[in-house]
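J.: Structure: work-v2.csv, CSV, C-alpha atoms.
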```csv
chain,number,residue,atom,x,y,z
A,25,MET,CA,8.2,26.1,5.3
A,26,GLU,CA,5.0,24.1,4.7
A,27,SER,CA,5.6,20.3,4.4
A,28,LYS,CA,5.3,18.5,1.1
A,29,GLN,CA,3.1,15.9,2.7
A,30,ILE,CA,0.2,18.2,3.5
A,31,LYS,CA,-1.4,21.5,2.2
A,32,LEU,CA,-3.6,23.6,4.5
A,33,GLU,CA,-5.9,26.0,2.8
A,34,VAL,CA,-7.7,28.5,4.9
A,35,LYS,CA,-11.2,29.7,3.7
A,36,ASP,CA,-13.5,32.3,5.0
A,37,VAL,CA,-17.1,31.6,5.9
A,38,ASP,CA,-19.8,34.0,4.7
A,39,GLY,CA,-21.3,36.0,7.5
A,40,ARG,CA,-19.0,34.6,10.2
A,41,SER,CA,-15.9,36.6,10.6
A,42,ASN,CA,-14.8,34.6,13.6
A,43,THR,CA,-15.0,31.3,11.8
A,44,LYS,CA,-12.5,29.7,9.3
A,45,ILE,CA,-12.5,26.4,7.4
A,46,ILE,CA,-9.1,24.8,7.0
A,47,GLU,CA,-8.9,22.3,4.2
A,48,PHE,CA,-6.4,19.5,4.9
A,49,ASP,CA,-5.0,18.1,1.7
A,50,GLY,CA,-2.6,15.2,1.8
A,51,ASP,CA,-1.1,13.2,4.7
A,52,LEU,CA,-0.9,14.4,8.3
A,53,ASP,CA,2.1,12.5,9.9
A,54,SER,CA,5.2,12.9,11.9
A,55,THR,CA,6.9,15.1,9.3
A,56,ASN,CA,4.4,17.9,9.5
A,57,VAL,CA,2.5,17.9,12.8
A,58,GLU,CA,4.5,20.8,14.1
A,59,SER,CA,4.0,23.0,11.1
A,60,THR,CA,0.3,22.1,11.2
A,61,LEU,CA,0.0,23.0,14.8
A,62,ASP,CA,1.8,26.3,14.2
A,63,LYS,CA,-0.6,27.2,11.4
A,64,VAL,CA,-3.7,26.4,13.5
A,65,ASN,CA,-2.3,28.3,16.5
A,66,THR,CA,-1.6,31.3,14.2
A,67,ILE,CA,-5.2,31.3,13.0
A,68,TYR,CA,-6.6,31.2,16.5
A,69,GLY,CA,-4.2,33.9,17.4
A,70,GLU,CA,-5.7,36.2,14.8
A,71,GLY,CA,-9.0,36.3,16.7
A,72,VAL,CA,-10.7,33.3,15.1
A,73,ALA,CA,-12.9,31.4,17.6
A,74,ASN,CA,-14.1,28.6,15.5
A,75,ILE,CA,-12.2,26.3,13.1
A,76,ILE,CA,-13.8,23.6,11.0
A,77,ALA,CA,-11.2,21.2,9.6
A,78,ASP,CA,-12.4,19.9,6.2
A,79,PHE,CA,-10.9,16.3,6.0
A,80,SER,CA,-12.4,15.5,2.6
A,81,LYS,CA,-8.9,15.5,1.0
A,82,LEU,CA,-7.0,14.2,4.0
A,83,ARG,CA,-5.7,10.8,2.7
A,84,TYR,CA,-3.8,9.6,5.7
A,85,VAL,CA,-3.2,10.3,9.4
A,86,ASN,CA,-0.9,8.5,11.8
A,87,SER,CA,-0.9,8.4,15.6
A,88,THR,CA,1.2,11.5,16.0
A,89,GLY,CA,-1.1,13.4,13.6
A,90,LEU,CA,-4.0,12.3,15.8
A,91,GLY,CA,-2.1,13.3,18.9
A,92,ILE,CA,-1.9,16.8,17.5
A,93,LEU,CA,-5.6,16.9,16.6
A,94,LEU,CA,-6.5,15.9,20.1
A,95,HIS,CA,-4.1,18.6,21.5
A,96,ILE,CA,-5.7,21.3,19.2
A,97,SER,CA,-9.2,20.2,20.3
A,98,LYS,CA,-8.3,20.3,24.0
A,99,THR,CA,-6.6,23.7,23.7
A,100,ALA,CA,-9.7,25.0,21.9
A,101,LYS,CA,-12.0,23.8,24.6
A,102,THR,CA,-9.8,25.3,27.3
A,103,ASN,CA,-10.0,28.7,25.6
A,104,ARG,CA,-13.7,28.4,24.8
A,105,TRP,CA,-13.0,28.2,21.1
A,106,THR,CA,-14.2,25.3,18.9
A,107,PHE,CA,-12.4,22.9,16.7
A,108,LYS,CA,-14.7,20.7,14.6
A,109,ILE,CA,-13.8,18.1,11.9
A,110,ALA,CA,-15.9,17.3,8.9
A,111,LYS,CA,-15.9,14.9,5.9
A,112,VAL,CA,-13.5,12.2,7.2
A,113,ASN,CA,-12.8,9.3,4.8
A,114,ASP,CA,-13.4,5.7,6.0
A,115,ASN,CA,-9.7,4.8,6.3
A,116,VAL,CA,-8.9,7.9,8.4
A,117,PHE,CA,-12.0,7.4,10.5
A,118,GLU,CA,-10.9,3.8,11.3
A,119,ILE,CA,-7.6,5.1,12.7
A,120,ILE,CA,-9.5,7.7,14.7
A,121,GLU,CA,-11.8,5.1,16.1
A,122,ILE,CA,-9.1,2.6,17.0
A,123,ILE,CA,-7.3,5.3,19.0
A,124,GLY,CA,-10.6,6.1,20.7
A,125,ALA,CA,-10.4,9.7,19.5
A,126,ASN,CA,-13.9,9.7,17.9
A,127,THR,CA,-15.3,10.3,21.4
A,128,LEU,CA,-12.9,13.2,22.1
A,129,LEU,CA,-13.0,15.0,18.7
A,130,ASP,CA,-16.1,16.8,17.4
A,131,ILE,CA,-16.7,15.1,14.1
A,132,TYR,CA,-19.5,15.8,11.5
A,133,ASP,CA,-20.5,14.3,8.2
A,134,THR,CA,-20.6,17.6,6.4
A,135,ILE,CA,-19.3,21.2,6.6
A,136,GLU,CA,-22.9,22.4,6.8
A,137,ASP,CA,-23.6,20.2,9.8
A,138,ALA,CA,-20.4,21.5,11.5
A,139,LEU,CA,-21.5,25.1,10.8
A,140,SER,CA,-25.0,24.5,12.0
A,141,SER,CA,-23.7,23.2,15.3
A,142,LEU,CA,-22.1,26.6,16.0
A,143,ASN,CA,-25.5,28.2,16.3
B,14,MET,CA,5.3,-10.7,-44.3
B,15,ALA,CA,7.4,-13.5,-42.9
B,16,GLU,CA,6.1,-17.1,-43.1
B,17,PHE,CA,4.6,-18.4,-39.9
B,18,SER,CA,6.4,-20.9,-37.8
B,19,PHE,CA,6.2,-22.0,-34.2
B,20,SER,CA,8.0,-24.2,-31.6
B,21,TRP,CA,7.4,-25.2,-28.1
B,22,LYS,CA,9.4,-26.5,-25.2
B,23,SER,CA,9.4,-26.6,-21.4
B,24,CYS,CA,10.5,-23.5,-19.7
B,25,GLU,CA,14.2,-23.9,-18.6
B,26,ASP,CA,13.6,-22.5,-15.1
B,27,ASP,CA,10.3,-24.3,-14.4
B,28,ALA,CA,9.3,-27.4,-16.4
B,29,ARG,CA,5.6,-27.0,-15.4
B,30,ILE,CA,5.4,-24.0,-17.8
B,31,THR,CA,5.5,-24.3,-21.6
B,32,LEU,CA,7.1,-21.7,-23.7
B,33,LEU,CA,5.4,-21.4,-27.1
B,34,THR,CA,7.4,-19.3,-29.6
B,35,LEU,CA,5.6,-17.9,-32.6
B,36,LYS,CA,7.3,-16.3,-35.6
B,37,GLY,CA,6.0,-14.5,-38.6
B,38,SER,CA,2.5,-13.7,-39.7
B,39,LEU,CA,-0.3,-15.1,-37.6
B,40,ASP,CA,-3.4,-15.5,-39.8
B,41,LEU,CA,-6.2,-18.1,-39.7
B,42,THR,CA,-4.5,-20.6,-41.9
B,43,SER,CA,-1.3,-20.6,-39.9
B,44,VAL,CA,-3.2,-20.9,-36.7
B,45,GLU,CA,-4.8,-24.2,-37.8
B,46,ASN,CA,-1.5,-26.0,-37.6
B,47,LEU,CA,-0.9,-24.4,-34.2
B,48,MET,CA,-4.2,-25.7,-32.9
B,49,ASP,CA,-3.1,-29.3,-33.5
B,50,SER,CA,0.0,-28.7,-31.5
B,51,PHE,CA,-2.0,-27.0,-28.8
B,52,GLU,CA,-4.2,-30.1,-28.5
B,53,SER,CA,-1.0,-32.2,-28.0
B,54,MET,CA,0.2,-29.8,-25.3
B,55,VAL,CA,-3.1,-30.1,-23.4
B,56,ALA,CA,-3.0,-33.9,-23.8
B,57,GLU,CA,0.4,-33.9,-22.2
B,58,GLY,CA,-0.9,-31.9,-19.3
B,59,ARG,CA,0.7,-28.6,-20.2
B,60,TYR,CA,-1.8,-26.2,-18.8
B,61,PHE,CA,0.3,-23.1,-18.3
B,62,VAL,CA,1.6,-21.6,-21.6
B,63,ILE,CA,3.7,-18.5,-22.2
B,64,VAL,CA,3.3,-17.4,-25.8
B,65,ASP,CA,6.4,-15.5,-27.0
B,66,MET,CA,5.3,-12.9,-29.6
B,67,GLU,CA,8.6,-11.1,-30.0
B,68,HIS,CA,9.0,-12.3,-33.6
B,69,VAL,CA,5.3,-12.0,-34.7
B,70,ASP,CA,4.8,-9.2,-37.2
B,71,PHE,CA,1.1,-9.6,-37.9
B,72,VAL,CA,-2.0,-10.9,-36.1
B,73,SER,CA,-5.4,-11.4,-37.7
B,74,SER,CA,-8.6,-11.1,-35.6
B,75,PRO,CA,-9.6,-14.8,-36.1
B,76,SER,CA,-6.1,-15.9,-34.9
B,77,VAL,CA,-6.5,-13.8,-31.8
B,78,GLY,CA,-9.9,-15.4,-31.3
B,79,ALA,CA,-8.3,-18.8,-31.6
B,80,LEU,CA,-5.7,-17.9,-29.0
B,81,MET,CA,-8.6,-16.8,-26.7
B,82,GLY,CA,-10.2,-20.2,-27.2
B,83,CYS,CA,-6.9,-21.8,-26.2
B,84,ARG,CA,-6.8,-19.7,-23.1
B,85,CYS,CA,-10.3,-20.7,-22.2
B,86,ARG,CA,-9.4,-24.4,-22.5
B,87,LEU,CA,-6.4,-23.9,-20.2
B,88,ILE,CA,-8.4,-21.8,-17.7
B,89,GLU,CA,-10.9,-24.8,-17.4
B,90,LYS,CA,-7.9,-26.9,-16.5
B,91,LYS,CA,-6.8,-24.3,-13.9
B,92,GLY,CA,-4.0,-23.1,-16.1
B,93,ASN,CA,-3.5,-20.0,-18.2
B,94,LEU,CA,-2.1,-18.6,-21.4
B,95,VAL,CA,-0.2,-15.3,-21.2
B,96,LEU,CA,1.7,-13.2,-23.8
B,97,VAL,CA,5.3,-11.9,-23.7
B,98,GLY,CA,7.5,-9.9,-26.0
B,99,LEU,CA,4.8,-7.8,-27.6
B,100,SER,CA,6.1,-4.9,-29.6
B,101,LEU,CA,4.3,-1.5,-29.0
B,102,SER,CA,2.5,-1.7,-32.4
B,103,LEU,CA,1.4,-5.3,-31.9
B,104,ARG,CA,0.2,-4.4,-28.4
B,105,GLU,CA,-1.8,-1.5,-29.7
B,106,LYS,CA,-3.4,-3.7,-32.4
B,107,LEU,CA,-4.3,-6.4,-29.8
B,108,ASN,CA,-5.8,-3.8,-27.6
B,109,LEU,CA,-8.0,-2.5,-30.4
B,110,MET,CA,-9.3,-6.1,-30.6
B,111,GLY,CA,-10.0,-6.2,-26.9
B,112,ALA,CA,-7.3,-8.8,-26.2
B,113,ASN,CA,-5.9,-6.8,-23.2
B,114,ARG,CA,-9.2,-7.6,-21.4
B,115,ILE,CA,-8.5,-11.3,-21.9
B,116,PHE,CA,-4.8,-11.9,-21.9
B,117,ARG,CA,-2.2,-10.8,-19.4
B,118,TYR,CA,0.8,-9.2,-21.1
B,119,TYR,CA,4.3,-9.5,-19.6
B,120,ASN,CA,7.6,-7.9,-20.6
B,121,ASP,CA,9.6,-11.1,-20.1
B,122,VAL,CA,9.5,-14.7,-19.1
B,123,LYS,CA,11.2,-14.0,-15.7
B,124,THR,CA,8.3,-11.8,-14.6
B,125,VAL,CA,5.8,-14.5,-15.7
B,126,LEU,CA,7.6,-17.1,-13.6
B,127,SER,CA,7.6,-14.8,-10.6
B,128,ASP,CA,3.8,-14.2,-10.9
B,129,TYR,CA,3.2,-17.9,-11.6
B,130,ARG,CA,5.0,-18.9,-8.4
B,131,TRP,CA,3.1,-16.3,-6.5
B,132,GLU,CA,-0.2,-17.5,-8.0
B,133,TYR,CA,0.2,-21.2,-8.0
B,134,ASP,CA,2.9,-22.0,-5.4
B,135,ASN,CA,1.8,-19.2,-3.0
B,136,LEU,CA,5.5,-18.3,-2.8
B,137,ALA,CA,6.2,-15.1,-0.8
B,138,GLN,CA,7.8,-12.2,-2.5
B,139,LYS,CA,10.4,-10.4,-0.4
B,140,VAL,CA,11.9,-7.0,-0.1
B,141,ASN,CA,14.8,-6.0,2.2
B,142,LEU,CA,15.3,-2.3,2.9
B,143,GLN,CA,18.0,-0.3,4.6
B,144,ILE,CA,16.7,3.2,5.3
B,145,PRO,CA,18.3,6.3,6.7
B,146,ALA,CA,17.2,6.8,10.3
B,147,ASN,CA,15.4,10.1,9.5
B,148,PRO,CA,11.6,10.5,9.7
B,149,ALA,CA,11.6,12.4,6.4
B,150,TYR,CA,12.2,9.1,4.6
B,151,VAL,CA,9.3,7.3,6.2
B,152,PRO,CA,6.4,8.6,4.1
B,153,ALA,CA,8.0,7.4,0.8
B,154,ILE,CA,8.8,4.0,2.3
B,155,ARG,CA,5.3,3.4,3.8
B,156,ARG,CA,3.6,4.5,0.5
B,157,MET,CA,5.9,2.2,-1.5
B,158,ILE,CA,5.1,-0.8,0.6
B,159,SER,CA,1.4,0.0,0.5
B,160,SER,CA,1.4,0.3,-3.3
B,161,ILE,CA,3.2,-3.1,-3.6
B,162,VAL,CA,0.5,-4.6,-1.5
B,163,LEU,CA,-2.2,-3.0,-3.6
B,164,GLN,CA,-0.6,-4.1,-6.8
B,165,LYS,CA,-0.6,-7.7,-5.5
B,166,GLY,CA,-4.4,-7.6,-5.3
B,167,TYR,CA,-4.9,-6.8,-1.6
B,168,ASN,CA,-7.8,-4.4,-1.1
B,169,ARG,CA,-7.4,-0.7,-0.3
B,170,LYS,CA,-8.3,-1.1,3.4
B,171,ASP,CA,-5.6,-3.7,3.9
B,172,ALA,CA,-3.1,-1.6,2.0
B,173,PHE,CA,-3.9,1.4,4.2
B,174,ARG,CA,-3.6,-0.6,7.4
B,175,ILE,CA,-0.2,-2.0,6.3
B,176,GLU,CA,0.9,1.6,5.4
B,177,THR,CA,-0.1,2.6,8.9
B,178,ILE,CA,1.9,-0.3,10.5
B,179,VAL,CA,5.0,0.5,8.4
B,180,ASP,CA,4.7,4.2,9.4
B,181,GLU,CA,4.3,3.6,13.1
B,182,LEU,CA,7.0,1.0,13.5
B,183,SER,CA,9.5,3.0,11.4
B,184,ASN,CA,9.0,6.1,13.4
B,185,ASN,CA,9.4,4.0,16.6
B,186,ALA,CA,12.5,2.4,15.3
B,187,ILE,CA,14.0,5.8,14.6
B,188,GLU,CA,12.9,7.4,17.8
B,189,HIS,CA,14.1,4.6,20.1
B,190,GLY,CA,17.2,3.6,18.2
B,191,ASP,CA,20.7,4.6,18.9
B,192,HIS,CA,21.0,8.0,17.3
B,193,SER,CA,24.6,7.5,16.4
B,194,GLN,CA,23.4,4.7,14.0
B,195,LYS,CA,22.4,6.1,10.6
B,196,MET,CA,20.2,3.3,9.4
B,197,PHE,CA,17.2,1.1,10.3
B,198,PHE,CA,16.0,-2.0,8.5
B,199,ILE,CA,12.7,-3.4,7.1
B,200,GLU,CA,12.2,-6.9,5.9
B,201,PHE,CA,8.9,-7.3,4.0
B,202,ALA,CA,7.4,-10.5,2.6
B,203,LEU,CA,4.0,-11.0,1.2
B,204,ASP,CA,2.1,-13.9,-0.3
B,205,ARG,CA,-1.5,-14.2,-1.3
B,206,GLU,CA,-2.7,-14.7,2.3
B,207,LYS,CA,-0.6,-12.5,4.5
B,208,VAL,CA,2.1,-9.8,4.9
B,209,GLU,CA,5.0,-10.3,7.2
B,210,LEU,CA,7.1,-7.4,8.3
B,211,SER,CA,10.1,-7.0,10.5
B,212,VAL,CA,11.4,-3.6,11.5
B,213,ARG,CA,14.8,-3.5,13.2
B,214,ASN,CA,16.8,-0.7,14.7
B,215,ARG,CA,20.2,-0.7,16.3
B,216,THR,CA,20.7,0.2,19.9
B,217,SER,CA,23.5,0.2,22.5
B,218,GLU,CA,23.4,-3.0,24.6
B,219,ILE,CA,20.2,-3.2,26.7
B,220,ASP,CA,20.7,-4.7,30.1
B,221,PRO,CA,18.3,-7.6,31.1
B,222,SER,CA,16.2,-5.5,33.5
B,223,LEU,CA,15.6,-2.8,31.0
B,224,ALA,CA,14.9,-5.4,28.3
B,225,ARG,CA,12.2,-6.9,30.6
B,226,SER,CA,10.7,-3.4,31.2
B,227,VAL,CA,10.7,-2.6,27.4
B,228,GLN,CA,9.0,-6.0,26.7
B,229,GLU,CA,6.4,-5.3,29.4
B,230,LYS,CA,5.6,-1.9,27.8
B,231,PHE,CA,5.5,-3.5,24.4
B,232,ASN,CA,3.1,-6.2,25.6
B,233,ASN,CA,0.8,-3.7,27.4
B,234,PRO,CA,1.1,-0.3,25.8
B,235,VAL,CA,-0.3,2.5,28.0
B,236,VAL,CA,-1.6,5.6,26.3
B,237,ASP,CA,-1.2,8.8,28.1
B,238,ASP,CA,-4.2,11.0,27.1
B,239,GLU,CA,-2.3,14.2,27.8
B,240,SER,CA,0.6,13.3,25.5
B,241,ILE,CA,0.8,14.0,21.8
B,242,ARG,CA,2.9,10.9,21.2
B,243,GLY,CA,2.8,7.3,22.4
B,244,ARG,CA,-0.3,5.9,20.6
B,245,GLY,CA,1.5,4.2,17.7
B,246,LEU,CA,2.1,0.8,19.3
B,247,ALA,CA,-1.4,0.5,20.5
B,248,LEU,CA,-2.6,1.3,17.0
B,249,VAL,CA,-0.3,-1.3,15.4
B,250,LYS,CA,-1.5,-3.9,17.9
B,251,MET,CA,-5.1,-3.3,16.8
B,252,LEU,CA,-4.2,-3.5,13.1
B,253,SER,CA,-1.9,-6.6,13.3
B,254,SER,CA,-2.8,-10.2,13.3
B,255,GLU,CA,0.3,-11.1,15.3
B,256,LEU,CA,2.9,-8.9,16.9
B,257,ARG,CA,6.2,-9.8,18.6
B,258,LEU,CA,9.3,-7.9,19.9
B,259,ASP,CA,12.8,-9.4,20.0
B,260,ILE,CA,15.5,-7.7,21.9
B,261,ASP,CA,19.1,-8.8,21.4
B,262,ALA,CA,22.6,-7.3,22.0
B,263,GLY,CA,22.5,-5.2,18.8
B,264,GLY,CA,19.0,-3.8,18.7
B,265,THR,CA,15.3,-4.5,18.7
B,266,THR,CA,13.2,-6.1,16.0
B,267,VAL,CA,9.4,-5.9,15.8
B,268,HIS,CA,7.8,-8.7,13.8
B,269,VAL,CA,4.2,-8.2,12.5
B,270,THR,CA,2.0,-10.6,10.6
B,271,LYS,CA,-1.0,-9.1,8.9
B,272,VAL,CA,-3.5,-11.6,7.4
B,273,ARG,CA,-5.3,-10.5,4.3
B,274,GLU,CA,-8.9,-9.7,5.1
B,275,ASP,CA,-10.9,-9.8,1.8
```
In structure tokens, what does this structure look like?
T.:
Amino acid sequence: MESKQIKLEVKDVDGRSNTKIIEFDGDLDSTNVESTLDKVNTIYGEGVANIIADFSKLRYVNSTGLGILLHISKTAKTNRWTFKIAKVNDNVFEIIEIIGANTLLDIYDTIEDALSSLN
Amino acid sequence: MAEFSFSWKSCEDDARITLLTLKGSLDLTSVENLMDSFESMVAEGRYFVIVDMEHVDFVSSPSVGALMGCRCRLIEKKGNLVLVGLSLSLREKLNLMGANRIFRYYNDVKTVLSDYRWEYDNLAQKVNLQIPANPAYVPAIRRMISSIVLQKGYNRKDAFRIETIVDELSNNAIEHGDHSQKMFFIEFALDREKVELSVRNRTSEIDPSLARSVQEKFNNPVVDDESIRGRGLALVKMLSSELRLDIDAGGTTVHVTKVRED
């Protein structure tokens, strides 16, 4: 069952069958990290090599949420997949920066920038 | 329409505040008498006035203008004039005249006093919470505290940081508490300059050597890059102005002070 705190919507990318955009809508916290991880793993398991996480509607993230994002990013690199993040709001970015995760996560201003980096 | 009358007296709970009760129909003629009394109030140093409108059945535009003038006089003296007891229809009428952009409306005198003491005495407002030790309750609690902070005039960034602190400390209290205990506790106090927060859990008795080890880990949190968890305390430390851990026979309490930043 998907958590009430967050909605994840998966979108296709024109001309890129191995790439998906996941829109995070809500709060990523201790109540939903496991369901979020399951969903992302399922998408990679379906033959997707590139995921772009659209954070424009992600209002809040806590340290456990960031821990999961770092775990996803690391797993993707190990498997030669990519996990990119775009459109992070200022409050969420501050938390990412304090944890020092901005140097470990692949973060872009826009979805277009993230897509371009795949070329 | 009822004939206009008014009376004023010191507020029973705080003599620094004057309660001005208006009754009947408030037109320009009736306001002229009121203005004389208002001048007497100012001369007596009564600079904070609550106008009780519960029994007012009509207000004219010029009379509202006169009240706005009174408020300006009091603001110059570092006081204020606020309205209580407005009926829905009177409130709508005042809003059409733009009065809601000038006056603060309150439901009752008690709420005015609470705000006055916050504003002028810098008195902290406090909330004590007893919460089921289950992570599912934490999002609602952190959002509630954040929205109180926001309502009290703190900026969005401060409110977000306080939300984060509440979230991280609550999750830690649940994770590290004695799981047979069903509750953890938050004491929350805020004034115009700072937020003070204490988050307490209950634990079985901690022996002195373990307490020293816990205190050391608290003072110098180490983040394991390989682990999904364990970053919360480091985050709280960066977001807080002051942070302290107390360990006693019944549990642990983390105290945080977060100074307002705008």
J.: Excluding Phe61 (chain B) and residues on its chain fewer than 5 positions from it, collect all residues at most 6 Å away from it, counting all atoms listed in the file, and give them as a PyMOL selection string.
T.: chain B and resi 30+92-94
J.: What are the residues of chain A that have an atom within 9 Å of an atom of chain B, counting only C-alpha atoms, as a PyMOL selection string?
T.: chain A and resi 29+51+53-55+84-95+114-115+119+122-123
J.: Which neighbours of Gly50 (chain A) fall inside 7 Å, counting all atoms listed in the file, when residues of the same chain fewer than 4 positions from it are skipped, and could you give them as a ChimeraX atom specification?
T.: /A:29-31,81-84
J.: Write out as a PyMOL selection string which residues come within 7 Å of Ser76 (chain B) when counting all atoms listed in the file, dropping same-chain ones fewer than 2 positions away.
T.: chain B and resi 39-41+44+72-74+78-80
J.: Mind pulling up the distance from CA of Val57 (chain A) to CA of Leu139 (chain A)?
T.: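 Here the two named atoms are 25.1 Å from each other.
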J.: Can you complete the atoms of region 64-80 of chain B to N, CA and C atoms and list them as an mmCIF file, in the frame of the given file?
T.:
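Listed below is the output, part.cif:
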```
data_model
loop_
_atom_site.group_PDB
_atom_site.id
_atom_site.type_symbol
_atom_site.label_atom_id
_atom_site.label_comp_id
_atom_site.auth_asym_id
_atom_site.auth_seq_id
_atom_site.Cartn_x
_atom_site.Cartn_y
_atom_site.Cartn_z
ATOM 1 N N VAL B 64 3.132 -17.514 -24.377
ATOM 2 C CA VAL B 64 3.300 -17.400 -25.800
ATOM 3 C C VAL B 64 4.248 -16.197 -26.075
ATOM 4 N N ASP B 65 5.382 -16.529 -26.669
ATOM 5 C CA ASP B 65 6.400 -15.500 -27.000
ATOM 6 C C ASP B 65 6.070 -14.902 -28.347
ATOM 7 N N MET B 66 5.707 -13.624 -28.343
ATOM 8 C CA MET B 66 5.300 -12.900 -29.600
ATOM 9 C C MET B 66 6.337 -12.003 -30.135
ATOM 10 N N GLU B 67 7.546 -12.119 -29.632
ATOM 11 C CA GLU B 67 8.600 -11.100 -30.000
ATOM 12 C C GLU B 67 8.796 -11.083 -31.516
ATOM 13 N N HIS B 68 8.694 -12.238 -32.184
ATOM 14 C CA HIS B 68 9.000 -12.300 -33.600
ATOM 15 C C HIS B 68 7.720 -12.382 -34.476
ATOM 16 N N VAL B 69 6.586 -11.993 -33.911
ATOM 17 C CA VAL B 69 5.300 -12.000 -34.700
ATOM 18 C C VAL B 69 5.181 -10.596 -35.298
ATOM 19 N N ASP B 70 4.922 -10.545 -36.612
ATOM 20 C CA ASP B 70 4.800 -9.200 -37.200
ATOM 21 C C ASP B 70 3.370 -8.888 -37.659
ATOM 22 N N PHE B 71 2.474 -9.849 -37.563
ATOM 23 C CA PHE B 71 1.100 -9.600 -37.900
ATOM 24 C C PHE B 71 0.169 -10.537 -37.173
ATOM 25 N N VAL B 72 -0.978 -10.031 -36.702
ATOM 26 C CA VAL B 72 -2.000 -10.900 -36.100
ATOM 27 C C VAL B 72 -3.343 -10.581 -36.749
ATOM 28 N N SER B 73 -4.082 -11.586 -37.145
ATOM 29 C CA SER B 73 -5.400 -11.400 -37.700
ATOM 30 C C SER B 73 -6.432 -11.539 -36.520
ATOM 31 N N SER B 74 -7.623 -10.961 -36.678
ATOM 32 C CA SER B 74 -8.600 -11.100 -35.600
ATOM 33 C C SER B 74 -8.994 -12.563 -35.362
ATOM 34 N N PRO B 75 -9.211 -13.391 -36.426
ATOM 35 C CA PRO B 75 -9.600 -14.800 -36.100
ATOM 36 C C PRO B 75 -8.473 -15.530 -35.365
ATOM 37 N N SER B 76 -7.195 -15.182 -35.658
ATOM 38 C CA SER B 76 -6.100 -15.900 -34.900
ATOM 39 C C SER B 76 -6.118 -15.492 -33.463
ATOM 40 N N VAL B 77 -6.429 -14.215 -33.177
ATOM 41 C CA VAL B 77 -6.500 -13.800 -31.800
ATOM 42 C C VAL B 77 -7.678 -14.519 -31.096
ATOM 43 N N GLY B 78 -8.783 -14.656 -31.851
ATOM 44 C CA GLY B 78 -9.900 -15.400 -31.300
ATOM 45 C C GLY B 78 -9.544 -16.844 -31.006
ATOM 46 N N ALA B 79 -8.728 -17.441 -31.881
ATOM 47 C CA ALA B 79 -8.300 -18.800 -31.600
ATOM 48 C C ALA B 79 -7.449 -18.916 -30.372
ATOM 49 N N LEU B 80 -6.559 -17.935 -30.186
ATOM 50 C CA LEU B 80 -5.700 -17.900 -29.000
ATOM 51 C C LEU B 80 -6.606 -17.749 -27.707
#
```
